[in-house]
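Q: Enclosed is the structure file run.txt (compact mmCIF, C-alpha atoms).
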```txt
# COMPACT_ATOMS: atom_id res chain seq x y z
CA ALA A 256 51.54 24.13 9.06
CA GLN A 257 49.02 23.65 11.79
CA THR A 258 45.34 24.24 11.10
CA VAL A 259 42.32 24.53 13.36
CA THR A 260 38.80 23.74 12.19
CA GLN A 261 35.57 24.71 13.88
CA SER A 262 32.80 23.07 11.91
CA GLN A 263 29.89 24.81 13.64
CA PRO A 264 29.59 28.44 12.54
CA GLU A 265 26.64 28.96 14.89
CA MET A 266 25.16 27.17 17.86
CA SER A 267 22.32 27.97 20.20
CA VAL A 268 21.42 26.75 23.66
CA GLN A 269 18.68 27.36 26.15
CA GLU A 270 19.65 29.08 29.37
CA ALA A 271 20.69 26.54 32.04
CA GLU A 272 21.24 23.82 29.43
CA THR A 273 24.52 22.29 28.26
CA VAL A 274 26.16 22.88 24.91
CA THR A 275 29.27 21.43 23.27
CA LEU A 276 31.38 23.28 20.73
CA SER A 277 33.58 21.24 18.41
CA CYS A 278 37.16 21.80 17.34
CA THR A 279 39.58 19.68 15.39
CA TYR A 280 43.16 20.47 14.52
CA ASP A 281 45.92 19.17 12.35
CA THR A 282 49.52 18.97 13.47
CA SER A 283 52.56 16.75 13.26
CA GLU A 284 53.88 17.94 16.61
CA SER A 285 53.56 15.76 19.68
CA ASP A 286 53.73 18.53 22.23
CA TYR A 287 51.47 21.57 21.98
CA TYR A 288 48.82 23.63 23.74
CA LEU A 289 45.16 24.15 22.99
CA PHE A 290 42.93 27.00 24.04
CA TRP A 291 39.36 28.19 23.94
CA TYR A 292 38.90 31.94 23.81
CA LYS A 293 35.62 33.84 24.13
CA GLN A 294 34.97 37.10 22.28
CA PRO A 295 31.75 38.83 23.39
CA PRO A 296 30.20 41.32 20.97
CA SER A 297 32.34 44.45 20.76
CA ARG A 298 34.50 43.29 23.64
CA GLN A 299 37.95 41.88 23.89
CA MET A 300 38.89 38.26 23.68
CA ILE A 301 39.35 36.43 26.95
CA LEU A 302 40.76 33.02 27.73
CA VAL A 303 38.21 30.43 28.77
CA ILE A 304 40.33 27.35 29.22
CA ARG A 305 43.64 25.80 28.17
CA GLN A 306 44.91 22.27 27.77
CA GLU A 307 48.47 20.96 27.58
CA ALA A 308 48.75 18.07 25.13
CA TYR A 309 50.97 16.06 27.47
CA LYS A 310 48.26 16.02 30.12
CA GLN A 311 45.76 13.21 29.82
CA GLN A 312 43.34 14.79 32.23
CA ASN A 313 40.79 17.09 30.63
CA ALA A 314 40.92 20.69 31.82
CA THR A 315 37.97 22.19 33.69
CA GLU A 316 37.20 25.75 34.78
CA ASN A 317 33.96 26.02 36.70
CA ARG A 318 31.16 25.49 34.17
CA PHE A 319 33.60 25.01 31.29
CA SER A 320 35.29 21.72 30.51
CA VAL A 321 37.01 20.19 27.53
CA ASN A 322 37.06 16.78 25.94
CA PHE A 323 40.60 16.38 24.61
CA GLN A 324 41.12 13.42 22.32
CA LYS A 325 44.76 13.56 21.24
CA ALA A 326 44.67 10.64 18.84
CA ALA A 327 41.62 12.03 17.09
CA LYS A 328 43.04 15.59 17.26
CA SER A 329 39.79 16.77 18.74
CA PHE A 330 39.27 19.43 21.41
CA SER A 331 35.65 20.20 22.24
CA LEU A 332 34.35 22.68 24.79
CA LYS A 333 31.41 21.88 27.01
CA ILE A 334 29.52 24.69 28.70
CA SER A 335 27.25 23.54 31.49
CA ASP A 336 24.38 25.53 33.01
CA SER A 337 24.58 28.06 30.18
CA GLN A 338 24.07 31.68 31.11
CA LEU A 339 23.06 34.70 29.04
CA GLY A 340 26.54 36.09 29.54
CA ASP A 341 28.01 33.10 27.74
CA ALA A 342 26.72 34.44 24.43
CA ALA A 343 29.77 35.23 22.32
CA MET A 344 32.06 34.04 19.55
CA TYR A 345 34.16 31.13 20.73
CA PHE A 346 37.52 30.50 19.13
CA CYS A 347 39.59 27.37 19.40
CA ALA A 348 43.33 27.99 19.16
CA TYR A 349 46.51 25.93 18.84
CA ARG A 350 50.01 26.78 19.95
CA SER A 351 53.30 25.02 19.27
CA PRO A 352 55.86 24.32 21.99
CA GLY A 353 57.65 27.59 21.31
CA LEU A 354 60.52 29.09 19.33
CA THR A 355 63.20 27.66 21.61
CA GLN A 356 61.90 24.18 20.83
CA GLY A 357 61.68 24.71 17.12
CA GLY A 358 58.03 25.72 17.17
CA SER A 359 56.29 29.06 17.23
CA GLU A 360 54.91 31.46 19.80
CA LYS A 361 51.85 32.29 17.73
CA LEU A 362 48.31 31.16 18.29
CA VAL A 363 46.57 29.57 15.31
CA PHE A 364 42.84 30.18 15.49
CA GLY A 365 39.81 28.54 13.99
CA LYS A 366 37.09 30.60 12.36
CA GLY A 367 34.95 30.60 15.47
CA THR A 368 31.52 29.47 16.59
CA LYS A 369 28.86 32.03 17.42
CA LEU A 370 26.97 30.90 20.51
CA THR A 371 23.52 32.25 21.21
CA VAL A 372 21.92 31.68 24.60
CA ASN A 373 18.13 31.79 24.61
CA PRO A 374 16.32 32.82 27.80
CA ASP B 809 46.69 45.26 36.36
CA THR B 810 44.83 47.44 33.87
CA GLY B 811 44.95 44.96 31.03
CA VAL B 812 46.18 45.43 27.48
CA SER B 813 45.19 48.76 25.99
CA GLN B 814 45.16 49.85 22.36
CA ASP B 815 44.89 53.24 20.76
CA PRO B 816 42.99 54.35 18.78
CA ARG B 817 39.99 52.07 19.04
CA HIS B 818 38.76 53.08 15.61
CA LYS B 819 40.57 54.53 12.64
CA ILE B 820 39.11 55.56 9.30
CA THR B 821 41.58 56.47 6.59
CA LYS B 822 41.76 56.95 2.87
CA ARG B 823 43.55 54.52 0.63
CA GLY B 824 47.19 55.39 0.31
CA GLN B 825 47.53 57.04 3.72
CA ASN B 826 49.80 55.77 6.48
CA VAL B 827 48.39 54.75 9.84
CA THR B 828 49.99 53.87 13.16
CA PHE B 829 48.49 51.95 16.05
CA ARG B 830 49.75 51.71 19.58
CA CYS B 831 49.56 48.84 22.05
CA ASP B 832 50.36 49.03 25.76
CA PRO B 833 50.78 45.58 27.24
CA ILE B 834 50.17 44.50 30.82
CA SER B 835 53.00 46.18 32.69
CA GLU B 836 55.20 43.22 33.62
CA HIS B 837 54.65 41.28 30.40
CA ASN B 838 57.75 40.75 28.31
CA ARG B 839 56.04 39.26 25.26
CA LEU B 840 53.85 41.15 22.84
CA TYR B 841 51.93 39.92 19.81
CA TRP B 842 50.01 41.51 16.95
CA TYR B 843 47.14 39.75 15.18
CA ARG B 844 44.72 40.77 12.44
CA GLN B 845 41.08 39.73 12.42
CA THR B 846 38.77 40.19 9.45
CA LEU B 847 35.02 39.77 9.57
CA GLY B 848 33.94 36.20 10.11
CA GLN B 849 37.45 34.93 10.68
CA GLY B 850 39.61 34.09 13.62
CA PRO B 851 42.63 36.26 14.38
CA GLU B 852 45.70 35.72 12.22
CA PHE B 853 49.18 36.13 13.63
CA LEU B 854 51.28 39.03 12.36
CA THR B 855 54.32 39.36 14.58
CA TYR B 856 55.79 38.68 18.02
CA PHE B 857 58.24 40.51 20.29
CA GLN B 858 60.14 39.29 23.29
CA ASN B 859 61.21 42.45 25.09
CA GLU B 860 62.40 44.74 22.29
CA ALA B 861 63.39 41.98 19.88
CA GLN B 862 61.07 41.07 17.03
CA LEU B 863 61.50 37.30 16.94
CA GLU B 864 58.76 36.11 14.64
CA LYS B 865 56.98 37.56 11.63
CA SER B 866 54.21 36.13 9.52
CA ARG B 867 54.37 36.04 5.77
CA LEU B 868 51.14 38.02 6.00
CA LEU B 869 53.23 40.96 7.15
CA SER B 870 54.01 42.63 3.85
CA ASP B 871 56.67 45.27 3.33
CA ARG B 872 54.05 47.93 4.01
CA PHE B 873 53.71 46.74 7.60
CA SER B 874 56.25 47.48 10.26
CA ALA B 875 56.15 46.94 13.99
CA GLU B 876 58.41 48.18 16.74
CA ARG B 877 58.78 47.79 20.46
CA PRO B 878 61.64 50.18 21.14
CA LYS B 879 62.01 49.87 24.90
CA GLY B 880 60.37 46.55 25.45
CA SER B 881 57.21 48.18 26.73
CA PHE B 882 54.62 49.60 24.32
CA SER B 883 54.55 48.66 20.66
CA THR B 884 53.51 50.39 17.46
CA LEU B 885 52.23 48.87 14.25
CA GLU B 886 52.47 51.04 11.15
CA ILE B 887 50.81 50.39 7.83
CA GLN B 888 52.10 52.42 4.92
CA ARG B 889 50.14 53.15 1.76
CA THR B 890 46.99 51.54 3.11
CA GLU B 891 44.80 49.45 0.83
CA GLN B 892 41.15 48.53 1.18
CA GLY B 893 42.21 44.99 1.94
CA ASP B 894 43.90 46.24 5.11
CA SER B 895 40.50 46.95 6.64
CA ALA B 896 40.34 44.72 9.71
CA MET B 897 40.53 44.62 13.48
CA TYR B 898 44.14 44.74 14.67
CA LEU B 899 44.56 42.95 17.97
CA CYS B 900 47.43 43.17 20.37
CA ALA B 901 48.15 40.58 23.05
CA SER B 902 50.77 40.26 25.75
CA SER B 903 52.08 37.52 27.97
CA LEU B 904 54.72 36.84 30.61
CA ALA B 905 57.19 34.17 29.61
CA GLY B 906 57.55 31.62 32.37
CA MET B 907 60.32 29.23 33.27
CA SER B 908 58.90 26.59 30.96
CA SER B 909 58.09 27.17 27.33
CA GLY B 910 54.40 27.44 26.61
CA THR B 911 53.28 28.21 30.14
CA ASP B 912 52.36 31.78 29.30
CA THR B 913 48.85 32.84 28.41
CA GLN B 914 48.19 35.56 25.88
CA TYR B 915 45.91 38.35 27.09
CA PHE B 916 44.24 40.40 24.39
CA GLY B 917 43.47 44.06 24.06
CA PRO B 918 40.21 45.49 22.71
CA GLY B 919 41.66 45.98 19.24
CA THR B 920 41.87 48.83 16.75
CA ARG B 921 39.30 48.68 13.98
CA LEU B 922 40.73 50.04 10.75
CA THR B 923 38.52 51.08 7.85
CA VAL B 924 40.23 52.03 4.61
CA LEU B 925 38.00 53.97 2.22
```
What would the structure in this file look like if it were written as structure tokens?

A:
Amino acid sequence: AQTVTQSQPEMSVQEAETVTLSCTYDTSESDYYLFWYKQPPSRQMILVIRQEAYKQQNATENRFSVNFQKAAKSFSLKISDSQLGDAAMYFCAYRSPGLTQGGSEKLVFGKGTKLTVNP
Amino acid sequence: DTGVSQDPRHKITKRGQNVTFRCDPISEHNRLYWYRQTLGQGPEFLTYFQNEAQLEKSRLLSDRFSAERPKGSFSTLEIQRTEQGDSAMYLCASSLAGMSSGTDTQYFGPGTRLTVL
């Protein structure tokens, strides 16, 4: 079974600075998908960024980028120019290729990292 | 696109009672998922529907839990004989299956917070 580990329960960053959230995962599959979701306090979870394992290029979405190291099974999220609105729980998630390929449609989440942004 | 909606947002019940939650996915989405999230944890998968067919169930989904998606649109999750350990946030997500496996993104609803006294 796949597992996702987020080793930083809490992180803090000064507004306008850069912060990196860590995520490692364990899998025997060669093809899969990785995600970072953001869950603001009392609000619903939203997708921040996704990465396909077959793509060597790291995904970027505006101020958010990932460092995907497939061999090390590492998937970190970098937030540049941090803003107060970035304060939230951040969850790393893994997904198999899908049922039709012998995998699963479910997301497997880590325990999350609580990010605080200081003004 | 009004997003995924869930009803109720909060539910308080006594141990032993039955509860039912509803999820309305994004209108054109053919896939629907239920997850459970306890305090300090990430969401855990419960079950998945493609249209009206329930294709995947977690071992976490005990016999007291049942989910339906009768017409491939909204879904209900029922918990019978609730226990204090069922207290959690129940999240629903939906997605639109694309031509290639894995291309869909799951969009989450606000969740239903269940408290069992």

Q: Tell me which protein, DNA and RNA residues are within 6 Å of range 879-896 of chain B, counting all atoms listed in the file, leaving out same-chain ones fewer than 4 positions away, and put them as a list in words.

A: Arg823, Gly824, Gln825, Asn826, Val827, Thr828, Phe829, Arg830, Cys831, Asp832, Gln845, Thr846, Asn859, Glu860, Arg872, Phe873, Ser874, Ala875, Arg921, Leu922, Thr923 and Val924 of chain B

Q: Once you count all atoms listed in the file, which residues of chain A turn out to be within 12 Å of chain B? Could you give them as a PDB file with C-alpha atoms, in the coordinates of the input?

A:
```
ATOM      1  CA  THR A 258      45.340  24.240  11.100  1.00  0.00           C
ATOM      2  CA  VAL A 259      42.320  24.530  13.360  1.00  0.00           C
ATOM      3  CA  THR A 260      38.800  23.740  12.190  1.00  0.00           C
ATOM      4  CA  GLN A 261      35.570  24.710  13.880  1.00  0.00           C
ATOM      5  CA  PRO A 264      29.590  28.440  12.540  1.00  0.00           C
ATOM      6  CA  GLU A 265      26.640  28.960  14.890  1.00  0.00           C
ATOM      7  CA  ASP A 286      53.730  18.530  22.230  1.00  0.00           C
ATOM      8  CA  TYR A 287      51.470  21.570  21.980  1.00  0.00           C
ATOM      9  CA  TYR A 288      48.820  23.630  23.740  1.00  0.00           C
ATOM     10  CA  LEU A 289      45.160  24.150  22.990  1.00  0.00           C
ATOM     11  CA  PHE A 290      42.930  27.000  24.040  1.00  0.00           C
ATOM     12  CA  TRP A 291      39.360  28.190  23.940  1.00  0.00           C
ATOM     13  CA  TYR A 292      38.900  31.940  23.810  1.00  0.00           C
ATOM     14  CA  LYS A 293      35.620  33.840  24.130  1.00  0.00           C
ATOM     15  CA  GLN A 294      34.970  37.100  22.280  1.00  0.00           C
ATOM     16  CA  PRO A 295      31.750  38.830  23.390  1.00  0.00           C
ATOM     17  CA  PRO A 296      30.200  41.320  20.970  1.00  0.00           C
ATOM     18  CA  SER A 297      32.340  44.450  20.760  1.00  0.00           C
ATOM     19  CA  ARG A 298      34.500  43.290  23.640  1.00  0.00           C
ATOM     20  CA  GLN A 299      37.950  41.880  23.890  1.00  0.00           C
ATOM     21  CA  MET A 300      38.890  38.260  23.680  1.00  0.00           C
ATOM     22  CA  ILE A 301      39.350  36.430  26.950  1.00  0.00           C
ATOM     23  CA  LEU A 302      40.760  33.020  27.730  1.00  0.00           C
ATOM     24  CA  VAL A 303      38.210  30.430  28.770  1.00  0.00           C
ATOM     25  CA  ILE A 304      40.330  27.350  29.220  1.00  0.00           C
ATOM     26  CA  ARG A 305      43.640  25.800  28.170  1.00  0.00           C
ATOM     27  CA  GLN A 306      44.910  22.270  27.770  1.00  0.00           C
ATOM     28  CA  GLU A 307      48.470  20.960  27.580  1.00  0.00           C
ATOM     29  CA  ALA A 308      48.750  18.070  25.130  1.00  0.00           C
ATOM     30  CA  TYR A 309      50.970  16.060  27.470  1.00  0.00           C
ATOM     31  CA  MET A 344      32.060  34.040  19.550  1.00  0.00           C
ATOM     32  CA  TYR A 345      34.160  31.130  20.730  1.00  0.00           C
ATOM     33  CA  PHE A 346      37.520  30.500  19.130  1.00  0.00           C
ATOM     34  CA  CYS A 347      39.590  27.370  19.400  1.00  0.00           C
ATOM     35  CA  ALA A 348      43.330  27.990  19.160  1.00  0.00           C
ATOM     36  CA  TYR A 349      46.510  25.930  18.840  1.00  0.00           C
ATOM     37  CA  ARG A 350      50.010  26.780  19.950  1.00  0.00           C
ATOM     38  CA  SER A 351      53.300  25.020  19.270  1.00  0.00           C
ATOM     39  CA  PRO A 352      55.860  24.320  21.990  1.00  0.00           C
ATOM     40  CA  GLY A 353      57.650  27.590  21.310  1.00  0.00           C
ATOM     41  CA  LEU A 354      60.520  29.090  19.330  1.00  0.00           C
ATOM     42  CA  THR A 355      63.200  27.660  21.610  1.00  0.00           C
ATOM     43  CA  GLN A 356      61.900  24.180  20.830  1.00  0.00           C
ATOM     44  CA  GLY A 357      61.680  24.710  17.120  1.00  0.00           C
ATOM     45  CA  GLY A 358      58.030  25.720  17.170  1.00  0.00           C
ATOM     46  CA  SER A 359      56.290  29.060  17.230  1.00  0.00           C
ATOM     47  CA  GLU A 360      54.910  31.460  19.800  1.00  0.00           C
ATOM     48  CA  LYS A 361      51.850  32.290  17.730  1.00  0.00           C
ATOM     49  CA  LEU A 362      48.310  31.160  18.290  1.00  0.00           C
ATOM     50  CA  VAL A 363      46.570  29.570  15.310  1.00  0.00           C
ATOM     51  CA  PHE A 364      42.840  30.180  15.490  1.00  0.00           C
ATOM     52  CA  GLY A 365      39.810  28.540  13.990  1.00  0.00           C
ATOM     53  CA  LYS A 366      37.090  30.600  12.360  1.00  0.00           C
ATOM     54  CA  GLY A 367      34.950  30.600  15.470  1.00  0.00           C
ATOM     55  CA  THR A 368      31.520  29.470  16.590  1.00  0.00           C
ATOM     56  CA  LYS A 369      28.860  32.030  17.420  1.00  0.00           C
TER      57      LYS A 369
END
```

Q: Could you state the separation of CA of Thr315 in chain A and CA of Ser335 in chain A in Å, given to one decimal place?

A: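 Atom-to-atom, CA of Thr315 in chain A to CA of Ser335 in chain A, that is 11.0 Å.
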
Q: Between CA of Thr273 in chain A and CA of Lys328 in chain A, what is the spacing in Å?

A: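 Here the two named atoms are 22.6 Å from each other.
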
Q: Report the distance between CA of Lys310 in chain A and CA of Lys325 in chain A in Å, rounded to one decimal place.

A: 9.9 Å
